[in-house]
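S.K.: I'm passing along work.pdb; it holds PDB, C-alpha atoms and all ligand atoms.
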MODEL        1
ATOM      1  CA  MET Y   1      53.047  77.031  95.764
ATOM      2  CA  THR Y   2      55.823  74.759  96.928
ATOM      3  CA  LYS Y   3      57.096  74.154  93.446
ATOM      4  CA  ALA Y   4      57.116  77.257  91.241
ATOM      5  CA  GLY Y   5      54.306  76.557  88.824
ATOM      6  CA  LEU Y   6      54.516  76.864  85.113
ATOM      7  CA  GLN Y   7      58.262  77.042  84.732
ATOM      8  CA  VAL Y   8      59.849  74.559  82.354
ATOM      9  CA  ALA Y   9      63.652  74.254  82.485
ATOM     10  CA  ILE Y  10      65.490  72.694  79.554
ATOM     11  CA  ASP Y  11      69.227  72.134  79.869
ATOM     12  CA  GLY Y  12      71.743  70.205  77.858
ATOM     13  CA  PRO Y  13      74.872  70.423  75.738
ATOM     14  CA  ALA Y  14      75.339  72.478  72.570
ATOM     15  CA  GLY Y  15      73.298  71.309  69.611
ATOM     16  CA  ALA Y  16      70.976  68.931  71.483
ATOM     17  CA  GLY Y  17      68.004  70.775  70.007
ATOM     18  CA  LYS Y  18      67.154  72.744  73.148
ATOM     19  CA  SER Y  19      66.195  76.002  71.458
ATOM     20  CA  THR Y  20      64.026  74.384  68.774
ATOM     21  CA  VAL Y  21      62.241  72.166  71.259
ATOM     22  CA  ALA Y  22      61.895  74.902  73.890
ATOM     23  CA  ARG Y  23      60.447  77.312  71.306
ATOM     24  CA  ASP Y  24      57.925  74.738  70.051
ATOM     25  CA  VAL Y  25      56.916  73.696  73.556
ATOM     26  CA  ALA Y  26      56.462  77.339  74.592
ATOM     27  CA  ARG Y  27      54.293  78.004  71.551
ATOM     28  CA  ARG Y  28      52.127  74.963  72.218
ATOM     29  CA  LEU Y  29      51.646  75.922  75.868
ATOM     30  CA  GLY Y  30      51.225  79.630  75.206
ATOM     31  CA  TYR Y  31      54.302  80.330  77.351
ATOM     32  CA  VAL Y  32      57.213  82.704  76.766
ATOM     33  CA  TYR Y  33      60.416  81.139  75.531
ATOM     34  CA  ILE Y  34      63.646  82.440  77.053
ATOM     35  CA  ASP Y  35      66.961  81.518  75.464
ATOM     36  CA  THR Y  36      69.547  82.236  78.174
ATOM     37  CA  GLY Y  37      72.502  81.304  75.960
ATOM     38  CA  ALA Y  38      71.711  84.441  73.950
ATOM     39  CA  MET Y  39      72.606  86.545  76.999
ATOM     40  CA  TYR Y  40      76.081  85.026  77.319
ATOM     41  CA  ARG Y  41      76.516  85.352  73.568
ATOM     42  CA  ALA Y  42      75.503  89.032  73.730
ATOM     43  CA  VAL Y  43      78.097  89.749  76.443
ATOM     44  CA  THR Y  44      80.709  87.940  74.343
ATOM     45  CA  TRP Y  45      79.712  90.013  71.329
ATOM     46  CA  LEU Y  46      80.058  93.229  73.345
ATOM     47  CA  ALA Y  47      83.441  92.166  74.733
ATOM     48  CA  LEU Y  48      84.766  91.376  71.258
ATOM     49  CA  THR Y  49      83.313  94.592  69.810
ATOM     50  CA  GLN Y  50      84.858  96.697  72.575
ATOM     51  CA  LYS Y  51      88.112  94.731  72.317
ATOM     52  CA  VAL Y  52      87.974  93.725  75.972
ATOM     53  CA  ASP Y  53      90.656  91.189  76.892
ATOM     54  CA  LEU Y  54      88.711  87.918  77.295
ATOM     55  CA  ALA Y  55      91.193  86.762  79.927
ATOM     56  CA  ASP Y  56      90.408  89.799  82.093
ATOM     57  CA  LYS Y  57      87.656  88.496  84.383
ATOM     58  CA  GLN Y  58      87.194  91.813  86.145
ATOM     59  CA  ALA Y  59      86.688  93.692  82.895
ATOM     60  CA  LEU Y  60      84.224  91.050  81.684
ATOM     61  CA  SER Y  61      82.324  91.169  84.975
ATOM     62  CA  ARG Y  62      82.088  94.947  84.802
ATOM     63  CA  LEU Y  63      80.890  94.775  81.221
ATOM     64  CA  ALA Y  64      78.198  92.230  82.111
ATOM     65  CA  ALA Y  65      77.061  94.144  85.200
ATOM     66  CA  GLU Y  66      76.651  97.372  83.256
ATOM     67  CA  ALA Y  67      75.138  95.888  80.102
ATOM     68  CA  ASP Y  68      71.473  96.373  79.384
ATOM     69  CA  ILE Y  69      70.354  93.089  77.840
ATOM     70  CA  ARG Y  70      66.826  92.670  76.549
ATOM     71  CA  LEU Y  71      65.245  89.478  75.317
ATOM     72  CA  VAL Y  72      62.199  90.410  73.308
ATOM     73  CA  PRO Y  73      59.779  87.655  72.315
ATOM     74  CA  GLY Y  74      58.593  88.047  68.717
ATOM     75  CA  ALA Y  75      56.694  86.229  66.007
ATOM     76  CA  LYS Y  76      59.930  84.858  64.529
ATOM     77  CA  GLY Y  77      61.382  84.005  67.911
ATOM     78  CA  GLN Y  78      63.299  85.859  70.552
ATOM     79  CA  ARG Y  79      65.286  88.947  69.561
ATOM     80  CA  THR Y  80      68.310  89.921  71.585
ATOM     81  CA  PHE Y  81      69.411  93.484  72.301
ATOM     82  CA  ILE Y  82      72.448  94.693  74.188
ATOM     83  CA  ASN Y  83      72.760  98.372  75.075
ATOM     84  CA  GLY Y  84      70.036  99.118  72.555
ATOM     85  CA  GLN Y  85      71.650  97.271  69.663
ATOM     86  CA  ASP Y  86      69.911  94.338  67.983
ATOM     87  CA  VAL Y  87      72.467  91.495  67.974
ATOM     88  CA  THR Y  88      70.058  88.632  67.215
ATOM     89  CA  GLU Y  89      71.939  87.528  64.105
ATOM     90  CA  ALA Y  90      75.446  88.636  65.100
ATOM     91  CA  ILE Y  91      75.531  86.439  68.218
ATOM     92  CA  ARG Y  92      75.078  83.288  66.097
ATOM     93  CA  LEU Y  93      78.303  83.822  64.180
ATOM     94  CA  PRO Y  94      80.992  81.139  64.685
ATOM     95  CA  VAL Y  95      83.375  83.708  66.192
ATOM     96  CA  ILE Y  96      80.942  84.119  69.100
ATOM     97  CA  SER Y  97      80.467  80.347  69.514
ATOM     98  CA  ARG Y  98      84.255  80.006  69.711
ATOM     99  CA  HIS Y  99      84.627  82.537  72.537
ATOM    100  CA  VAL Y 100      81.407  82.281  74.543
ATOM    101  CA  SER Y 101      82.383  79.398  76.865
ATOM    102  CA  PRO Y 102      85.250  81.151  78.694
ATOM    103  CA  VAL Y 103      83.151  84.327  78.983
ATOM    104  CA  SER Y 104      80.184  82.424  80.436
ATOM    105  CA  ALA Y 105      82.481  80.649  82.914
ATOM    106  CA  VAL Y 106      83.256  83.925  84.735
ATOM    107  CA  ALA Y 107      81.286  84.132  87.998
ATOM    108  CA  GLY Y 108      80.942  87.914  87.732
ATOM    109  CA  VAL Y 109      79.411  87.516  84.276
ATOM    110  CA  ARG Y 110      76.950  84.866  85.425
ATOM    111  CA  GLU Y 111      75.631  86.677  88.483
ATOM    112  CA  PRO Y 112      73.824  89.549  86.726
ATOM    113  CA  MET Y 113      72.604  87.172  83.984
ATOM    114  CA  VAL Y 114      71.114  84.712  86.471
ATOM    115  CA  ARG Y 115      69.483  87.542  88.409
ATOM    116  CA  GLN Y 116      67.813  88.792  85.239
ATOM    117  CA  GLN Y 117      66.780  85.263  84.220
ATOM    118  CA  ARG Y 118      65.077  84.728  87.579
ATOM    119  CA  ARG Y 119      63.263  88.029  87.186
ATOM    120  CA  LEU Y 120      62.082  87.062  83.716
ATOM    121  CA  ALA Y 121      60.764  83.738  84.988
ATOM    122  CA  ALA Y 122      59.247  85.070  88.214
ATOM    123  CA  ASN Y 123      55.712  85.239  86.873
ATOM    124  CA  GLY Y 124      55.849  81.724  85.450
ATOM    125  CA  LYS Y 125      54.536  80.566  82.091
ATOM    126  CA  VAL Y 126      58.065  80.292  80.758
ATOM    127  CA  VAL Y 127      60.144  77.701  79.005
ATOM    128  CA  MET Y 128      63.766  78.571  79.674
ATOM    129  CA  ASP Y 129      66.731  76.838  78.108
ATOM    130  CA  GLY Y 130      70.397  76.897  79.010
ATOM    131  CA  ARG Y 131      72.994  74.914  80.933
ATOM    132  CA  ASP Y 132      72.170  75.622  84.579
ATOM    133  CA  ILE Y 133      68.450  76.378  84.566
ATOM    134  CA  GLY Y 134      67.296  73.282  86.469
ATOM    135  CA  THR Y 135      70.328  73.191  88.764
ATOM    136  CA  ASN Y 136      70.749  76.856  89.591
ATOM    137  CA  VAL Y 137      68.494  79.440  87.943
ATOM    138  CA  LEU Y 138      65.108  77.809  88.587
ATOM    139  CA  PRO Y 139      65.695  74.958  91.051
ATOM    140  CA  GLU Y 140      61.960  74.927  91.783
ATOM    141  CA  ALA Y 141      60.878  74.581  88.148
ATOM    142  CA  LEU Y 142      57.811  72.443  87.610
ATOM    143  CA  VAL Y 143      59.457  70.362  84.900
ATOM    144  CA  LYS Y 144      63.161  69.870  84.253
ATOM    145  CA  ILE Y 145      64.462  68.252  81.117
ATOM    146  CA  PHE Y 146      68.046  67.366  80.314
ATOM    147  CA  LEU Y 147      68.168  67.157  76.552
ATOM    148  CA  THR Y 148      71.052  65.414  74.886
ATOM    149  CA  ALA Y 149      72.088  63.630  71.673
ATOM    150  CA  SER Y 150      75.223  61.990  70.321
ATOM    151  CA  VAL Y 151      78.093  64.298  69.298
ATOM    152  CA  ALA Y 152      77.754  63.233  65.646
ATOM    153  CA  GLU Y 153      74.044  64.028  65.624
ATOM    154  CA  ARG Y 154      74.533  67.384  67.313
ATOM    155  CA  ALA Y 155      77.307  68.380  64.905
ATOM    156  CA  ARG Y 156      75.142  67.370  61.956
ATOM    157  CA  ARG Y 157      72.233  69.476  63.211
ATOM    158  CA  ARG Y 158      74.424  72.541  63.772
ATOM    159  CA  TYR Y 159      75.886  72.023  60.303
ATOM    160  CA  LEU Y 160      72.454  72.006  58.650
ATOM    161  CA  GLU Y 161      71.361  75.019  60.694
ATOM    162  CA  LEU Y 162      74.356  77.102  59.621
ATOM    163  CA  VAL Y 163      74.151  75.963  55.984
ATOM    164  CA  GLU Y 164      70.536  77.050  55.953
ATOM    165  CA  LYS Y 165      71.637  80.490  57.129
ATOM    166  CA  GLY Y 166      74.178  80.608  54.300
ATOM    167  CA  LEU Y 167      77.126  80.641  56.707
ATOM    168  CA  PRO Y 168      80.406  78.913  55.811
ATOM    169  CA  VAL Y 169      80.800  75.649  57.756
ATOM    170  CA  ASP Y 170      83.047  72.629  58.009
ATOM    171  CA  LEU Y 171      81.600  69.500  59.658
ATOM    172  CA  PRO Y 172      84.826  68.127  61.234
ATOM    173  CA  GLU Y 173      85.585  71.603  62.598
ATOM    174  CA  LEU Y 174      82.065  71.864  64.033
ATOM    175  CA  THR Y 175      82.447  68.451  65.676
ATOM    176  CA  THR Y 176      85.718  69.472  67.349
ATOM    177  CA  GLU Y 177      84.127  72.740  68.423
ATOM    178  CA  ILE Y 178      81.148  70.958  70.005
ATOM    179  CA  ILE Y 179      83.358  68.536  71.935
ATOM    180  CA  ARG Y 180      85.550  71.403  73.118
ATOM    181  CA  ARG Y 181      82.553  73.432  74.259
ATOM    182  CA  ASP Y 182      80.932  70.430  76.022
ATOM    183  CA  ASN Y 183      84.125  69.801  77.952
ATOM    184  CA  TYR Y 184      84.540  73.427  78.848
ATOM    185  CA  ASP Y 185      80.911  73.930  79.953
ATOM    186  CA  ALA Y 186      80.856  70.677  81.946
ATOM    187  CA  SER Y 187      84.137  71.219  83.762
ATOM    188  CA  ARG Y 188      83.919  74.883  84.721
ATOM    189  CA  GLU Y 189      83.797  75.741  88.410
ATOM    190  CA  VAL Y 190      80.667  77.902  88.460
ATOM    191  CA  SER Y 191      77.361  76.194  87.617
ATOM    192  CA  PRO Y 192      78.786  73.541  85.297
ATOM    193  CA  LEU Y 193      76.618  71.784  82.741
ATOM    194  CA  VAL Y 194      75.237  68.847  84.703
ATOM    195  CA  GLN Y 195      71.926  67.050  84.830
ATOM    196  CA  ALA Y 196      69.827  68.068  87.855
ATOM    197  CA  PRO Y 197      68.979  65.008  89.990
ATOM    198  CA  ASP Y 198      65.266  65.643  89.393
ATOM    199  CA  ALA Y 199      65.600  66.296  85.654
ATOM    200  CA  PHE Y 200      64.218  63.927  83.055
ATOM    201  CA  LEU Y 201      66.946  62.716  80.673
ATOM    202  CA  LEU Y 202      65.804  62.854  77.080
ATOM    203  CA  ASP Y 203      68.190  61.568  74.386
ATOM    204  CA  THR Y 204      67.018  63.015  71.090
ATOM    205  CA  THR Y 205      69.355  60.996  68.830
ATOM    206  CA  GLY Y 206      67.231  59.559  66.043
ATOM    207  CA  LEU Y 207      64.056  61.274  67.289
ATOM    208  CA  THR Y 208      62.145  63.811  65.226
ATOM    209  CA  ARG Y 209      61.608  67.311  66.537
ATOM    210  CA  GLU Y 210      57.867  66.589  66.840
ATOM    211  CA  ALA Y 211      58.467  63.421  68.865
ATOM    212  CA  VAL Y 212      60.690  65.284  71.319
ATOM    213  CA  VAL Y 213      58.193  68.143  71.664
ATOM    214  CA  GLU Y 214      55.388  65.648  72.349
ATOM    215  CA  GLN Y 215      57.456  63.940  75.044
ATOM    216  CA  VAL Y 216      58.194  67.238  76.771
ATOM    217  CA  LEU Y 217      54.530  68.291  76.576
ATOM    218  CA  ALA Y 218      53.523  64.946  78.063
ATOM    219  CA  LEU Y 219      55.905  65.537  80.981
ATOM    220  CA  VAL Y 220      54.466  69.010  81.574
ATOM    221  CA  ARG Y 221      50.899  67.680  81.546
ATOM    222  CA  LYS Y 222      51.831  64.848  83.881
ATOM    223  CA  ALA Y 223      53.450  67.275  86.339
ATOM    224  CA  GLU Y 224      50.437  69.579  86.153
ATOM    225  CA  ALA Y 225      48.084  66.669  86.739
ATOM    226  CA  ALA Y 226      50.163  65.634  89.741
ATOM    227  CA  GLY Y 227      49.128  68.941  91.248
ATOM    228  CA  HIS Y 228      52.389  70.816  91.247
ATOM    229  CA  GLY Y 229      51.226  73.477  88.825
TER     230      GLY Y 229
HETATM  231  O1  LIG I   1      72.968  77.556  74.167
HETATM  232  P1  LIG I   1      74.079  78.346  73.490
HETATM  233  O2  LIG I   1      74.951  77.513  72.600
HETATM  234  O3  LIG I   1      73.594  79.562  72.793
HETATM  235  O4  LIG I   1      74.986  78.849  74.711
HETATM  236  C1  LIG I   1      76.163  79.578  74.507
HETATM  237  C2  LIG I   1      77.117  79.383  75.673
HETATM  238  O5  LIG I   1      76.622  80.038  76.836
HETATM  239  C3  LIG I   1      77.384  77.942  76.071
HETATM  240  O6  LIG I   1      78.610  77.492  75.550
HETATM  241  C4  LIG I   1      77.436  77.947  77.563
HETATM  242  C5  LIG I   1      76.851  79.251  77.977
HETATM  243  N1  LIG I   1      75.595  79.135  78.713
HETATM  244  C6  LIG I   1      75.678  79.000  80.073
HETATM  245  O7  LIG I   1      76.776  78.893  80.612
HETATM  246  N2  LIG I   1      74.558  78.975  80.829
HETATM  247  C7  LIG I   1      73.347  79.071  80.254
HETATM  248  N3  LIG I   1      72.259  79.067  81.032
HETATM  249  C8  LIG I   1      73.238  79.187  78.852
HETATM  250  C9  LIG I   1      74.387  79.196  78.103
ENDMDL
END
Can the structure in the file be given as structure tokens, please?
Ligand code: DC

M.R.:
Amino acid sequence: MTKAGLQVAIDGPAGAGKSTVARDVARRLGYVYIDTGAMYRAVTWLALTQKVDLADKQALSRLAAEADIRLVPGAKGQRTFINGQDVTEAIRLPVISRHVSPVSAVAGVREPMVRQQRRLAANGKVVMDGRDIGTNVLPEALVKIFLTASVAERARRRYLELVEKGLPVDLPELTTEIIRRDNYDASREVSPLVQAPDAFLLDTTGLTREAVVEQVLALVRKAEAAGHG
């Protein structure tokens, strides 16, 4: 196969709806959904828990290289384990969101994560979301989507998500946080957040979740029909 069949890569900035859309699309296609952001969050969680200096790139790289991260698909979505501990809920806390960007910018942290992501996707039938999936992790993916939405819309969605989980949130603070994270992720040296030249740009502002899912499914079917699958 010239193009790796049955891999769907979804990239985009924080809060664009990637995980919701990727999960729905995976369910509809009968594929496995892989949330790569959870891996960087898990390393950040471990670093904070072990009081590793987040400015110490070598220590972070060592931590990431030695960590045993498992992404386990389940009925209620993917569960994330690091060194045997279930951190699925803990990695969503605002303290992790605040520190994950600099951790994920370290080349030595990314290398083992990307290697594992490629292994997970090797057999195909995956929908993988992140920041560098179409550009770096799975450059041969059958379908690449760059999902985005306005900052206001993304902040509003994150706000509702966190409120629903009963977590304390402040909308202006969330907005600042999203802008800061976008800038950081897009300007880092290693695999910055950027749209792959062959990715389809999908702006989800004002679109319902169902409408976005349908558009992505249509793109997958079109690519399959074109004989790349
Ligand atoms: O998608 P998320 O918000 O859970 O991602 C958390 C952070 O991890 C994000 O700020 C950037 C980083 N990330 C990355 O660098 N590459 C990926 N493939 C996924 C996430």

S.K.: Could you give me, as a Markdown table, every chain Y residue with an atom at most 8 Å from ligand LIG 1 (chain I), plus its closest atom pair and distance in Å to one decimal, counting only C-alpha atoms and all ligand atoms, rows ordered by chain then number?

M.R.:
| residue | atom | partner | partner_atom | distance |
| --- | --- | --- | --- | --- |
| Y:Asp11 | CA | I:LIG1 | N3 | 7.7 |
| Y:Pro13 | CA | I:LIG1 | O1 | 7.5 |
| Y:Ala14 | CA | I:LIG1 | O2 | 5.1 |
| Y:Gly15 | CA | I:LIG1 | O2 | 7.1 |
| Y:Lys18 | CA | I:LIG1 | O1 | 7.6 |
| Y:Ser19 | CA | I:LIG1 | O1 | 7.5 |
| Y:Asp35 | CA | I:LIG1 | O1 | 7.3 |
| Y:Thr36 | CA | I:LIG1 | C8 | 4.8 |
| Y:Gly37 | CA | I:LIG1 | C9 | 3.5 |
| Y:Ala38 | CA | I:LIG1 | O3 | 5.4 |
| Y:Met39 | CA | I:LIG1 | C8 | 7.6 |
| Y:Tyr40 | CA | I:LIG1 | O5 | 5.0 |
| Y:Arg41 | CA | I:LIG1 | C1 | 5.9 |
| Y:Arg92 | CA | I:LIG1 | O3 | 7.8 |
| Y:Ser97 | CA | I:LIG1 | C1 | 6.6 |
| Y:Val100 | CA | I:LIG1 | C2 | 5.3 |
| Y:Ser101 | CA | I:LIG1 | O6 | 4.4 |
| Y:Ser104 | CA | I:LIG1 | O7 | 4.9 |
| Y:Ala105 | CA | I:LIG1 | O7 | 6.4 |
| Y:Arg110 | CA | I:LIG1 | O7 | 7.7 |
| Y:Val114 | CA | I:LIG1 | N3 | 7.9 |
| Y:Asp129 | CA | I:LIG1 | N3 | 6.6 |
| Y:Gly130 | CA | I:LIG1 | N3 | 3.5 |
| Y:Arg131 | CA | I:LIG1 | N3 | 4.2 |
| Y:Asp132 | CA | I:LIG1 | N3 | 4.9 |
| Y:Ile133 | CA | I:LIG1 | N3 | 5.9 |
| Y:Val137 | CA | I:LIG1 | N3 | 7.9 |
| Y:Arg181 | CA | I:LIG1 | O6 | 5.8 |
| Y:Asp182 | CA | I:LIG1 | O6 | 7.4 |
| Y:Tyr184 | CA | I:LIG1 | O6 | 7.9 |
| Y:Asp185 | CA | I:LIG1 | C4 | 5.8 |
| Y:Ser191 | CA | I:LIG1 | O7 | 7.5 |
| Y:Pro192 | CA | I:LIG1 | O7 | 7.4 |
| Y:Leu193 | CA | I:LIG1 | O7 | 7.4 |

S.K.: I need the output of the PyMOL selection byres (((chain Y and resi 128) around 6) and not hetatm) for this file as a PDB file with C-alpha atoms, in the frame of the given file; which residues are they?

M.R.:
ATOM      1  CA  ALA Y   9      63.652  74.254  82.485  1.00  0.00           C
ATOM      2  CA  TYR Y  33      60.416  81.139  75.531  1.00  0.00           C
ATOM      3  CA  ILE Y  34      63.646  82.440  77.053  1.00  0.00           C
ATOM      4  CA  VAL Y 127      60.144  77.701  79.005  1.00  0.00           C
ATOM      5  CA  ASP Y 129      66.731  76.838  78.108  1.00  0.00           C
TER       6      ASP Y 129
END

S.K.: As an exercise, work out the distance from atom CA of Y:Leu202 to atom CA of Y:Leu147 in Å and give it to one decimal place.

M.R.: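 These atoms are spaced 4.9 Å apart.
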
S.K.: Name all residues at most 7 Å from Y:Ala42 (count only C-alpha atoms; drop same-chain ones fewer than 5 positions away) and give them as a JSON list (two decimals) with C-alpha atoms, keeping the file's coordinate frame.

M.R.:
[["chain", "number", "residue", "atom", "x", "y", "z"],
["Y", 82, "ILE", "CA", 72.45, 94.69, 74.19],
["Y", 87, "VAL", "CA", 72.47, 91.50, 67.97],
["Y", 91, "ILE", "CA", 75.53, 86.44, 68.22]]

S.K.: State, in Å with one decimal place, the distance from atom CA of Y:Val151 to atom CA of Y:Glu89.

M.R.: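 Computing the Euclidean distance for atom CA of Y:Val151 and atom CA of Y:Glu89 yields 24.6 Å.
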
S.K.: Report, in Å to a single decimal, how far apart atom CA of Y:Lys76 and atom CA of Y:Val8 are.

M.R.: 20.6 Å

S.K.: Give me the residues near Y:Asp198 as a PyMOL selection string, where near means some atom within 12 Å (using all atoms listed in the file) and where sequence neighbours in that chain fewer than 4 positions away do not count.

M.R.: chain Y and resi 9+134-135+139-146+194

S.K.: Produce a file of the selected residues containing C-alpha atoms, as a PDB file, in the frame of the given file.

M.R.:
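Output contents, as saved in again.pdb:
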ATOM      1  CA  ALA Y   9      63.652  74.254  82.485  1.00  0.00           C
ATOM      2  CA  GLY Y 134      67.296  73.282  86.469  1.00  0.00           C
ATOM      3  CA  THR Y 135      70.328  73.191  88.764  1.00  0.00           C
ATOM      4  CA  PRO Y 139      65.695  74.958  91.051  1.00  0.00           C
ATOM      5  CA  GLU Y 140      61.960  74.927  91.783  1.00  0.00           C
ATOM      6  CA  ALA Y 141      60.878  74.581  88.148  1.00  0.00           C
ATOM      7  CA  LEU Y 142      57.811  72.443  87.610  1.00  0.00           C
ATOM      8  CA  VAL Y 143      59.457  70.362  84.900  1.00  0.00           C
ATOM      9  CA  LYS Y 144      63.161  69.870  84.253  1.00  0.00           C
ATOM     10  CA  ILE Y 145      64.462  68.252  81.117  1.00  0.00           C
ATOM     11  CA  PHE Y 146      68.046  67.366  80.314  1.00  0.00           C
ATOM     12  CA  VAL Y 194      75.237  68.847  84.703  1.00  0.00           C
TER      13      VAL Y 194
END

S.K.: Counting all atoms listed in the file, which residue out of Y:Leu160, Y:Val32, Y:Leu71, Y:Ile96 sits closest to Y:Gln116?

M.R.: Y:Leu71
